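target_30.cif, holding mmCIF, N, CA and C atoms:
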```cif
data_start
loop_
_atom_site.label_atom_id
_atom_site.label_comp_id
_atom_site.auth_asym_id
_atom_site.auth_seq_id
_atom_site.Cartn_x
_atom_site.Cartn_y
_atom_site.Cartn_z
N MET A 1 -67.56 38.10 -1.30
CA MET A 1 -67.58 38.40 -2.72
C MET A 1 -66.14 38.59 -3.19
N LYS A 2 -65.88 38.21 -4.40
CA LYS A 2 -64.52 38.23 -4.93
C LYS A 2 -64.15 39.57 -5.56
N TYR A 3 -65.15 40.42 -5.76
CA TYR A 3 -64.90 41.73 -6.38
C TYR A 3 -65.88 42.75 -5.81
N LYS A 4 -65.56 44.00 -6.06
CA LYS A 4 -66.43 45.09 -5.63
C LYS A 4 -66.57 46.06 -6.81
N ILE A 5 -67.79 46.52 -7.04
CA ILE A 5 -68.00 47.53 -8.07
C ILE A 5 -67.58 48.87 -7.47
N VAL A 6 -66.61 49.51 -8.12
CA VAL A 6 -66.11 50.79 -7.61
C VAL A 6 -66.63 51.98 -8.39
N ALA A 7 -67.12 51.75 -9.61
CA ALA A 7 -67.70 52.83 -10.41
C ALA A 7 -68.59 52.24 -11.49
N LYS A 8 -69.63 52.97 -11.81
CA LYS A 8 -70.46 52.62 -12.96
C LYS A 8 -70.97 53.92 -13.54
N TYR A 9 -70.94 53.97 -14.88
CA TYR A 9 -71.32 55.22 -15.54
C TYR A 9 -71.77 54.96 -16.97
N ILE A 10 -72.50 55.91 -17.52
CA ILE A 10 -72.92 55.84 -18.91
C ILE A 10 -71.76 56.34 -19.76
N LYS A 11 -71.27 55.48 -20.63
CA LYS A 11 -70.14 55.84 -21.48
C LYS A 11 -70.62 56.47 -22.79
N ASN A 12 -71.74 55.97 -23.31
CA ASN A 12 -72.25 56.49 -24.57
C ASN A 12 -73.73 56.18 -24.70
N ILE A 13 -74.47 57.12 -25.30
CA ILE A 13 -75.89 56.91 -25.59
C ILE A 13 -76.14 57.27 -27.04
N ASN A 14 -76.87 56.41 -27.72
CA ASN A 14 -77.34 56.72 -29.06
C ASN A 14 -78.85 56.53 -29.04
N PHE A 15 -79.58 57.60 -29.23
CA PHE A 15 -81.04 57.55 -29.21
C PHE A 15 -81.53 58.38 -30.39
N ASN A 16 -81.64 57.70 -31.53
CA ASN A 16 -81.96 58.40 -32.77
C ASN A 16 -83.34 58.00 -33.28
N ILE A 17 -84.25 58.98 -33.31
CA ILE A 17 -85.55 58.83 -33.95
C ILE A 17 -85.45 59.66 -35.22
N PRO A 18 -85.29 59.01 -36.38
CA PRO A 18 -84.89 59.74 -37.59
C PRO A 18 -85.92 60.69 -38.18
N ASN A 19 -87.21 60.46 -37.91
CA ASN A 19 -88.21 61.33 -38.53
C ASN A 19 -89.53 61.25 -37.79
N PHE A 20 -90.45 62.09 -38.22
CA PHE A 20 -91.76 62.21 -37.60
C PHE A 20 -92.54 60.89 -37.66
N LYS A 21 -92.50 60.22 -38.81
CA LYS A 21 -93.21 58.96 -38.96
C LYS A 21 -92.66 57.90 -38.00
N SER A 22 -91.35 57.85 -37.87
CA SER A 22 -90.72 56.91 -36.94
C SER A 22 -91.21 57.14 -35.52
N TYR A 23 -91.32 58.41 -35.15
CA TYR A 23 -91.77 58.77 -33.81
C TYR A 23 -93.16 58.18 -33.53
N PHE A 24 -94.07 58.33 -34.49
CA PHE A 24 -95.43 57.85 -34.27
C PHE A 24 -95.57 56.34 -34.38
N LEU A 25 -94.59 55.67 -34.94
CA LEU A 25 -94.64 54.22 -35.07
C LEU A 25 -93.95 53.49 -33.91
N ILE A 26 -93.25 54.21 -33.05
CA ILE A 26 -92.45 53.56 -32.01
C ILE A 26 -93.28 52.63 -31.14
N GLU A 27 -94.35 53.13 -30.53
CA GLU A 27 -95.11 52.27 -29.62
C GLU A 27 -95.72 51.07 -30.34
N LYS A 28 -96.09 51.25 -31.60
CA LYS A 28 -96.67 50.15 -32.36
C LYS A 28 -95.60 49.12 -32.74
N LYS A 29 -94.40 49.59 -33.09
CA LYS A 29 -93.36 48.71 -33.64
C LYS A 29 -92.29 48.29 -32.65
N ILE A 30 -92.32 48.81 -31.43
CA ILE A 30 -91.24 48.50 -30.48
C ILE A 30 -91.16 47.00 -30.19
N SER A 31 -92.28 46.30 -30.27
CA SER A 31 -92.27 44.85 -30.02
C SER A 31 -91.54 44.09 -31.13
N GLU A 32 -91.28 44.75 -32.26
CA GLU A 32 -90.57 44.13 -33.37
C GLU A 32 -89.04 44.25 -33.22
N TYR A 33 -88.60 44.83 -32.12
CA TYR A 33 -87.18 44.97 -31.84
C TYR A 33 -86.77 43.94 -30.80
N LYS A 34 -85.55 43.45 -30.93
CA LYS A 34 -85.03 42.55 -29.89
C LYS A 34 -83.88 43.27 -29.19
N ILE A 35 -83.65 42.86 -27.96
CA ILE A 35 -82.55 43.44 -27.18
C ILE A 35 -81.30 42.62 -27.44
N ASN A 36 -80.22 43.31 -27.76
CA ASN A 36 -78.94 42.66 -27.98
C ASN A 36 -77.93 43.21 -26.98
N PHE A 37 -77.12 42.34 -26.42
CA PHE A 37 -76.07 42.75 -25.49
C PHE A 37 -74.71 42.43 -26.08
N ASP A 38 -73.81 43.38 -25.98
CA ASP A 38 -72.42 43.17 -26.35
C ASP A 38 -71.60 43.54 -25.13
N ILE A 39 -70.87 42.58 -24.58
CA ILE A 39 -70.13 42.80 -23.34
C ILE A 39 -68.65 42.61 -23.61
N LYS A 40 -67.89 43.63 -23.26
CA LYS A 40 -66.43 43.58 -23.44
C LYS A 40 -65.78 44.02 -22.14
N SER A 41 -64.56 43.52 -21.93
CA SER A 41 -63.83 43.93 -20.73
C SER A 41 -62.39 44.24 -21.09
N LYS A 42 -61.78 45.08 -20.25
CA LYS A 42 -60.35 45.33 -20.42
C LYS A 42 -59.75 45.59 -19.04
N LYS A 43 -58.52 45.14 -18.92
CA LYS A 43 -57.80 45.30 -17.67
C LYS A 43 -57.29 46.74 -17.59
N ILE A 44 -57.57 47.39 -16.47
CA ILE A 44 -57.10 48.76 -16.24
C ILE A 44 -55.72 48.70 -15.59
N LYS A 45 -55.62 47.92 -14.53
CA LYS A 45 -54.36 47.59 -13.88
C LYS A 45 -54.59 46.37 -13.02
N ASP A 46 -53.59 45.94 -12.28
CA ASP A 46 -53.75 44.73 -11.47
C ASP A 46 -55.02 44.80 -10.63
N LYS A 47 -55.81 43.75 -10.74
CA LYS A 47 -57.04 43.57 -9.97
C LYS A 47 -58.14 44.59 -10.28
N ILE A 48 -57.99 45.39 -11.33
CA ILE A 48 -59.02 46.35 -11.72
C ILE A 48 -59.39 46.11 -13.18
N LEU A 49 -60.70 45.95 -13.39
CA LEU A 49 -61.21 45.62 -14.71
C LEU A 49 -62.35 46.58 -15.06
N GLU A 50 -62.41 47.00 -16.31
CA GLU A 50 -63.53 47.80 -16.80
C GLU A 50 -64.37 46.91 -17.71
N ILE A 51 -65.67 46.84 -17.44
CA ILE A 51 -66.59 46.01 -18.22
C ILE A 51 -67.59 46.94 -18.89
N ASP A 52 -67.63 46.88 -20.22
CA ASP A 52 -68.58 47.68 -21.00
C ASP A 52 -69.73 46.78 -21.44
N THR A 53 -70.94 47.16 -21.05
CA THR A 53 -72.14 46.44 -21.43
C THR A 53 -72.94 47.34 -22.36
N ASN A 54 -73.06 46.92 -23.61
CA ASN A 54 -73.78 47.70 -24.60
C ASN A 54 -75.13 47.05 -24.87
N LEU A 55 -76.20 47.73 -24.52
CA LEU A 55 -77.56 47.27 -24.81
C LEU A 55 -78.00 47.99 -26.08
N LYS A 56 -78.40 47.23 -27.06
CA LYS A 56 -78.82 47.81 -28.35
C LYS A 56 -80.15 47.20 -28.76
N LEU A 57 -81.06 48.04 -29.25
CA LEU A 57 -82.31 47.55 -29.80
C LEU A 57 -82.09 47.28 -31.29
N ILE A 58 -82.38 46.05 -31.71
CA ILE A 58 -82.16 45.62 -33.08
C ILE A 58 -83.52 45.32 -33.71
N PRO A 59 -83.84 45.94 -34.86
CA PRO A 59 -85.13 45.64 -35.51
C PRO A 59 -85.11 44.26 -36.15
N ASN A 60 -86.25 43.58 -36.13
CA ASN A 60 -86.37 42.28 -36.80
C ASN A 60 -86.24 42.42 -38.30
N LYS A 61 -86.73 43.54 -38.83
CA LYS A 61 -86.58 43.81 -40.25
C LYS A 61 -86.24 45.28 -40.43
N THR A 62 -85.47 45.57 -41.45
CA THR A 62 -84.99 46.92 -41.68
C THR A 62 -85.98 47.71 -42.53
N ASP A 63 -86.24 48.94 -42.11
CA ASP A 63 -87.02 49.88 -42.93
C ASP A 63 -86.56 51.30 -42.63
N GLU A 64 -87.03 52.25 -43.43
CA GLU A 64 -86.55 53.63 -43.29
C GLU A 64 -87.08 54.32 -42.03
N ASN A 65 -88.05 53.71 -41.36
CA ASN A 65 -88.63 54.33 -40.17
C ASN A 65 -88.15 53.71 -38.87
N GLN A 66 -87.05 52.99 -38.92
CA GLN A 66 -86.57 52.35 -37.70
C GLN A 66 -85.79 53.34 -36.83
N ILE A 67 -85.83 53.07 -35.55
CA ILE A 67 -85.07 53.88 -34.60
C ILE A 67 -83.71 53.23 -34.38
N ASP A 68 -82.77 54.01 -33.89
CA ASP A 68 -81.43 53.52 -33.61
C ASP A 68 -81.14 53.85 -32.15
N VAL A 69 -81.16 52.83 -31.30
CA VAL A 69 -81.04 53.04 -29.86
C VAL A 69 -80.01 52.10 -29.26
N SER A 70 -79.06 52.67 -28.53
CA SER A 70 -78.11 51.86 -27.78
C SER A 70 -77.60 52.66 -26.58
N VAL A 71 -77.29 51.93 -25.52
CA VAL A 71 -76.71 52.54 -24.31
C VAL A 71 -75.49 51.70 -23.94
N LEU A 72 -74.35 52.36 -23.85
CA LEU A 72 -73.11 51.71 -23.45
C LEU A 72 -72.84 52.10 -21.99
N PHE A 73 -72.88 51.11 -21.13
CA PHE A 73 -72.76 51.31 -19.68
C PHE A 73 -71.46 50.67 -19.22
N SER A 74 -70.63 51.43 -18.55
CA SER A 74 -69.33 50.95 -18.12
C SER A 74 -69.32 50.71 -16.60
N THR A 75 -68.70 49.61 -16.21
CA THR A 75 -68.59 49.25 -14.80
C THR A 75 -67.12 48.94 -14.50
N VAL A 76 -66.61 49.54 -13.44
CA VAL A 76 -65.24 49.27 -13.02
C VAL A 76 -65.31 48.43 -11.75
N ILE A 77 -64.61 47.29 -11.79
CA ILE A 77 -64.61 46.42 -10.62
C ILE A 77 -63.18 46.23 -10.12
N ASN A 78 -63.09 46.01 -8.82
CA ASN A 78 -61.81 45.78 -8.15
C ASN A 78 -61.88 44.39 -7.50
N PHE A 79 -60.97 43.51 -7.88
CA PHE A 79 -60.91 42.17 -7.31
C PHE A 79 -60.17 42.19 -5.99
N GLU A 80 -60.63 41.36 -5.06
CA GLU A 80 -59.94 41.23 -3.78
C GLU A 80 -58.58 40.57 -3.96
N LYS A 81 -58.53 39.61 -4.90
CA LYS A 81 -57.28 38.93 -5.23
C LYS A 81 -57.34 38.55 -6.70
N ASN A 82 -56.21 38.24 -7.28
CA ASN A 82 -56.18 37.84 -8.68
C ASN A 82 -56.98 36.55 -8.87
N ILE A 83 -57.75 36.49 -9.94
CA ILE A 83 -58.53 35.30 -10.24
C ILE A 83 -57.80 34.54 -11.32
N GLU A 84 -57.38 33.35 -10.98
CA GLU A 84 -56.60 32.53 -11.90
C GLU A 84 -57.49 31.71 -12.83
N ASN A 85 -58.67 31.32 -12.36
CA ASN A 85 -59.57 30.48 -13.12
C ASN A 85 -60.27 31.32 -14.19
N GLU A 86 -59.98 31.01 -15.46
CA GLU A 86 -60.53 31.78 -16.58
C GLU A 86 -62.05 31.68 -16.67
N ASP A 87 -62.60 30.50 -16.39
CA ASP A 87 -64.06 30.32 -16.43
C ASP A 87 -64.75 31.17 -15.36
N GLU A 88 -64.14 31.25 -14.20
CA GLU A 88 -64.69 32.06 -13.12
C GLU A 88 -64.68 33.55 -13.51
N LEU A 89 -63.60 33.98 -14.13
CA LEU A 89 -63.48 35.37 -14.57
C LEU A 89 -64.52 35.68 -15.65
N LYS A 90 -64.68 34.76 -16.61
CA LYS A 90 -65.68 34.95 -17.67
C LYS A 90 -67.09 35.05 -17.10
N LYS A 91 -67.39 34.25 -16.09
CA LYS A 91 -68.71 34.28 -15.46
C LYS A 91 -68.94 35.62 -14.76
N ILE A 92 -67.94 36.15 -14.12
CA ILE A 92 -68.07 37.46 -13.47
C ILE A 92 -68.34 38.54 -14.52
N VAL A 93 -67.57 38.51 -15.61
CA VAL A 93 -67.69 39.53 -16.66
C VAL A 93 -69.00 39.41 -17.44
N LEU A 94 -69.40 38.18 -17.76
CA LEU A 94 -70.54 37.98 -18.65
C LEU A 94 -71.87 37.70 -17.96
N VAL A 95 -71.83 37.37 -16.66
CA VAL A 95 -73.07 37.04 -15.95
C VAL A 95 -73.27 37.93 -14.72
N ASP A 96 -72.31 37.89 -13.80
CA ASP A 96 -72.50 38.55 -12.51
C ASP A 96 -72.63 40.07 -12.63
N VAL A 97 -71.67 40.70 -13.28
CA VAL A 97 -71.71 42.16 -13.38
C VAL A 97 -72.89 42.64 -14.23
N PRO A 98 -73.14 42.06 -15.42
CA PRO A 98 -74.31 42.52 -16.18
C PRO A 98 -75.63 42.32 -15.42
N SER A 99 -75.75 41.23 -14.68
CA SER A 99 -76.97 41.01 -13.89
C SER A 99 -77.14 42.10 -12.83
N THR A 100 -76.04 42.53 -12.25
CA THR A 100 -76.08 43.56 -11.22
C THR A 100 -76.43 44.93 -11.78
N ILE A 101 -75.86 45.28 -12.93
CA ILE A 101 -76.05 46.64 -13.46
C ILE A 101 -77.26 46.76 -14.40
N TYR A 102 -77.86 45.64 -14.81
CA TYR A 102 -78.97 45.71 -15.76
C TYR A 102 -80.10 46.63 -15.31
N PRO A 103 -80.52 46.62 -14.03
CA PRO A 103 -81.59 47.56 -13.64
C PRO A 103 -81.22 49.03 -13.92
N ASP A 104 -79.96 49.40 -13.74
CA ASP A 104 -79.53 50.76 -14.05
C ASP A 104 -79.58 51.02 -15.55
N LEU A 105 -79.10 50.07 -16.31
CA LEU A 105 -79.08 50.17 -17.77
C LEU A 105 -80.50 50.27 -18.31
N ARG A 106 -81.37 49.42 -17.83
CA ARG A 106 -82.78 49.43 -18.22
C ARG A 106 -83.42 50.77 -17.84
N GLY A 107 -83.09 51.27 -16.65
CA GLY A 107 -83.64 52.55 -16.19
C GLY A 107 -83.26 53.70 -17.11
N VAL A 108 -82.04 53.71 -17.60
CA VAL A 108 -81.59 54.75 -18.54
C VAL A 108 -82.43 54.69 -19.81
N LEU A 109 -82.63 53.50 -20.34
CA LEU A 109 -83.39 53.35 -21.57
C LEU A 109 -84.85 53.76 -21.38
N ILE A 110 -85.46 53.33 -20.29
CA ILE A 110 -86.84 53.72 -19.99
C ILE A 110 -86.94 55.23 -19.84
N PHE A 111 -85.98 55.84 -19.15
CA PHE A 111 -85.95 57.30 -18.98
C PHE A 111 -85.93 58.01 -20.33
N LEU A 112 -85.08 57.55 -21.25
CA LEU A 112 -84.99 58.17 -22.58
C LEU A 112 -86.32 58.10 -23.32
N PHE A 113 -86.96 56.93 -23.28
CA PHE A 113 -88.25 56.81 -23.95
C PHE A 113 -89.31 57.68 -23.28
N GLU A 114 -89.35 57.67 -21.95
CA GLU A 114 -90.35 58.47 -21.24
C GLU A 114 -90.17 59.96 -21.50
N LYS A 115 -88.94 60.44 -21.51
CA LYS A 115 -88.69 61.85 -21.76
C LYS A 115 -88.95 62.23 -23.21
N SER A 116 -89.07 61.23 -24.07
CA SER A 116 -89.42 61.47 -25.47
C SER A 116 -90.92 61.33 -25.69
N GLY A 117 -91.68 61.11 -24.60
CA GLY A 117 -93.13 61.08 -24.69
C GLY A 117 -93.76 59.71 -24.71
N PHE A 118 -92.98 58.66 -24.47
CA PHE A 118 -93.52 57.30 -24.53
C PHE A 118 -93.62 56.72 -23.13
N LYS A 119 -94.84 56.46 -22.70
CA LYS A 119 -95.06 55.93 -21.35
C LYS A 119 -95.26 54.42 -21.35
N ASN A 120 -95.53 53.84 -22.51
CA ASN A 120 -95.88 52.41 -22.57
C ASN A 120 -94.80 51.56 -23.21
N ILE A 121 -93.55 51.94 -23.02
CA ILE A 121 -92.45 51.12 -23.54
C ILE A 121 -92.15 50.06 -22.49
N ASN A 122 -92.23 48.81 -22.89
CA ASN A 122 -92.05 47.72 -21.95
C ASN A 122 -90.77 46.95 -22.27
N LEU A 123 -89.83 47.00 -21.36
CA LEU A 123 -88.61 46.20 -21.47
C LEU A 123 -88.59 45.22 -20.31
N ASP A 124 -88.13 44.03 -20.58
CA ASP A 124 -88.07 43.02 -19.52
C ASP A 124 -87.36 43.57 -18.30
N LYS A 125 -87.94 43.33 -17.13
CA LYS A 125 -87.32 43.80 -15.89
C LYS A 125 -86.10 42.98 -15.53
N ASN A 126 -86.07 41.75 -16.00
CA ASN A 126 -84.94 40.86 -15.72
C ASN A 126 -84.45 40.22 -17.00
N VAL A 127 -83.17 40.04 -17.08
CA VAL A 127 -82.55 39.30 -18.18
C VAL A 127 -81.74 38.19 -17.55
N ASN A 128 -81.89 36.99 -18.06
CA ASN A 128 -81.16 35.85 -17.52
C ASN A 128 -79.81 35.74 -18.23
N PHE A 129 -78.82 36.45 -17.69
CA PHE A 129 -77.49 36.45 -18.28
C PHE A 129 -76.83 35.08 -18.16
N GLN A 130 -77.24 34.31 -17.17
CA GLN A 130 -76.71 32.95 -17.02
C GLN A 130 -77.09 32.10 -18.24
N ASN A 131 -78.35 32.19 -18.66
CA ASN A 131 -78.79 31.44 -19.84
C ASN A 131 -78.09 31.93 -21.11
N LEU A 132 -77.92 33.25 -21.23
CA LEU A 132 -77.21 33.79 -22.39
C LEU A 132 -75.77 33.29 -22.43
N TYR A 133 -75.16 33.22 -21.27
CA TYR A 133 -73.79 32.71 -21.16
C TYR A 133 -73.72 31.25 -21.57
N LYS A 134 -74.67 30.45 -21.11
CA LYS A 134 -74.69 29.03 -21.44
C LYS A 134 -74.91 28.83 -22.94
N MET A 135 -75.81 29.62 -23.55
CA MET A 135 -76.06 29.50 -24.98
C MET A 135 -74.83 29.87 -25.80
N GLN A 136 -74.06 30.81 -25.30
CA GLN A 136 -72.87 31.25 -26.03
C GLN A 136 -71.76 30.21 -25.96
N ASN A 137 -71.71 29.46 -24.88
CA ASN A 137 -70.62 28.47 -24.71
C ASN A 137 -71.03 27.13 -25.16
#
```

Any chance you could put this one into structure tokens?
Amino acid sequence: MKYKIVAKYIKNINFNIPNFKSYFLIEKKISEYKINFDIKSKKIKDKILEIDTNLKLIPNKTDENQIDVSVLFSTVINFEKNIENEDELKKIVLVDVPSTIYPDLRGVLIFLFEKSGFKNINLDKNVNFQNLYKMQN
């Protein structure tokens, strides 16, 4: 492997249920939300990169009873050697690392919903980051 994950942590959580009506509509309306990923990276120092993966639930249509949910998960990786190929680096940042940490990220989101009283929140167990990468390019 060309890199090793040396740390992963929750950088920020936003879990806002604005009112009582929103709370009771969550299980009914959760299917009307799509999952959005925003992935950014920054160099910490030579051969060390921090990758922030932000999972956000986006409503298909806006209304006053919508929830506001996002989890920003940070991963620090250490490369064995400098990677000169930009496409290879982009694939690591946008496909490999998010694919590896997604179960943790998903687990945080499921935990938040379960601790708020929702047992039937269904999020995809797998996300094909390779396909998302291809669609973006």

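Surrounding residues of (-71.9, 45.4, -10.4) at most 8 Å away are A:Lys4, A:Ile5, A:Val6, A:Ala7, A:Lys8, A:Thr75, A:Val76, A:Ile77, A:Asp96, A:Val97, A:Pro98, A:Ser99, A:Thr100, A:Ile101, A:Tyr102 (based on all atoms listed in the file).
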
Go ahead and compute the interatomic distance for atom N of Phe111 in chain A and atom N of Leu123 in chain A, in Å to one decimal.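 Value for the atom N of Phe111 in chain A-atom N of Leu123 in chain A distance: 9.9 Å.
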
Checklist line | Which of range 29-90 of chain A DSSP labels helix (DSSP H, G or I), written as number ranges by chain | finding: A: 29-32, 86-90

Need the shell around Glu88 in chain A: protein/DNA/RNA residues with any atom at most 12 Å away, counting only C-alpha atoms. Skip same-chain ones fewer than 6 positions apart. Format as a PDB file with N, CA and C atoms, in the coordinates of the input?
```pdb
ATOM      1  N   LYS A   2     -65.880  38.210  -4.400  1.00  0.00           N
ATOM      2  CA  LYS A   2     -64.520  38.230  -4.930  1.00  0.00           C
ATOM      3  C   LYS A   2     -64.150  39.570  -5.560  1.00  0.00           C
ATOM      4  N   TYR A   3     -65.150  40.420  -5.760  1.00  0.00           N
ATOM      5  CA  TYR A   3     -64.900  41.730  -6.380  1.00  0.00           C
ATOM      6  C   TYR A   3     -65.880  42.750  -5.810  1.00  0.00           C
ATOM      7  N   ASN A  82     -56.210  38.240  -7.280  1.00  0.00           N
ATOM      8  CA  ASN A  82     -56.180  37.840  -8.680  1.00  0.00           C
ATOM      9  C   ASN A  82     -56.980  36.550  -8.870  1.00  0.00           C
ATOM     10  N   LEU A  94     -69.400  38.180 -17.760  1.00  0.00           N
ATOM     11  CA  LEU A  94     -70.540  37.980 -18.650  1.00  0.00           C
ATOM     12  C   LEU A  94     -71.870  37.700 -17.960  1.00  0.00           C
ATOM     13  N   VAL A  95     -71.830  37.370 -16.660  1.00  0.00           N
ATOM     14  CA  VAL A  95     -73.070  37.040 -15.950  1.00  0.00           C
ATOM     15  C   VAL A  95     -73.270  37.930 -14.720  1.00  0.00           C
ATOM     16  N   ASP A  96     -72.310  37.890 -13.800  1.00  0.00           N
ATOM     17  CA  ASP A  96     -72.500  38.550 -12.510  1.00  0.00           C
ATOM     18  C   ASP A  96     -72.630  40.070 -12.630  1.00  0.00           C
TER      19      ASP A  96
END
```

Across A:Lys42, A:Lys56, A:Lys91, A:Lys47, the smallest distance to Val71 in chain A, with only C-alpha atoms counted, is shown by A:Lys56

To one decimal place, how far is CA of Ile58 in chain A from CA of Asp124 in chain A in Å?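 Interatomic distance, CA of Ile58 in chain A to CA of Asp124 in chain A: 15.0 Å.
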
Q: Find, counting only N, CA and C atoms, the residue in A:Ile17, A:Leu57, A:Leu49, A:Ile10 that gets nearest to Ile35 in chain A.
A: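 Going through A:Ile17, A:Leu57, A:Leu49, A:Ile10 one by one, the smallest distance to Ile35 in chain A is for A:Leu57.
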
Quiz item: Pick from A:Ile39, A:Ile92, A:Leu132, A:Leu105: nearest to Asn78 in chain A, with only C-alpha atoms counted?
Solution: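 Among the listed residues, the smallest separation from Asn78 in chain A belongs to A:Ile92.
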
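We find atom N of Phe15 in chain A and atom C of Asn131 in chain A to be spaced 27.0 Å apart.
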
Please enclose the listed atoms of range 43-56 of chain A in an axis-aligned box, pad each side by 8 Å, and write out the centre and the three edge lengths in Å, rounded to one decimal, as lines of an AutoDock Vina configuration file.
```
center_x = -66.9
center_y = 46.2
center_z = -19.4
size_x = 42.6
size_y = 21.2
size_z = 34.8
```

The residue from A:Glu114, A:Glu32, A:Asp52, A:Asp38 with the smallest atom-to-atom distance to Phe73 in chain A, counting all atoms listed in the file, is A:Asp52

>> I need the residue nearest Leu72 in chain A from this list: A:Lys29, A:Lys134, A:Lys11, A:Lys40. Use only C-alpha atoms for the distance.
In response: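 Ranking A:Lys29, A:Lys134, A:Lys11, A:Lys40 by distance to Leu72 in chain A, first place goes to A:Lys11.
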
DSSP on the backbone, strand (DSSP E or B) only: what residues of range 15-80 of chain A does that give? Format it as a PyMOL selection string. chain A and resi 15-16+33-45+48-59+68-79

Among A:Ser31, A:Phe79, A:Glu84, A:Asn12, Lys61 in chain A is approached most closely, using only C-alpha atoms, by A:Ser31

Which residues, named as in the file, does the PyMOL selection byres (((chain A and resi 116 and name CA) around 12) and name CA) pick out? Answer as a ChimeraX atom specification. /A:15-17,23-24,26-27,109-115,117-121

Save range 107-123 of chain A to disk from that block, C-alpha atoms included, as a short mmCIF file (atom, residue, chain, number, x, y, z; two decimals), in the first residue's frame.
```cif
data_model
loop_
_atom_site.label_atom_id
_atom_site.label_comp_id
_atom_site.auth_asym_id
_atom_site.auth_seq_id
_atom_site.Cartn_x
_atom_site.Cartn_y
_atom_site.Cartn_z
CA GLY A 107 -21.90 4.36 11.87
CA VAL A 108 -21.74 7.84 13.41
CA LEU A 109 -24.84 8.93 11.51
CA ILE A 110 -26.79 5.77 12.39
CA PHE A 111 -25.75 6.21 16.05
CA LEU A 112 -27.09 9.79 16.09
CA PHE A 113 -30.43 8.73 14.66
CA GLU A 114 -30.73 5.71 16.97
CA LYS A 115 -29.93 7.77 20.07
CA SER A 116 -32.61 10.21 18.95
CA GLY A 117 -35.17 7.38 18.94
CA PHE A 118 -35.11 6.27 15.31
CA LYS A 119 -34.44 2.59 14.73
CA ASN A 120 -35.54 2.36 11.08
CA ILE A 121 -33.19 4.83 9.43
CA ASN A 122 -31.70 3.11 6.42
CA LEU A 123 -28.50 4.39 4.84
#
```
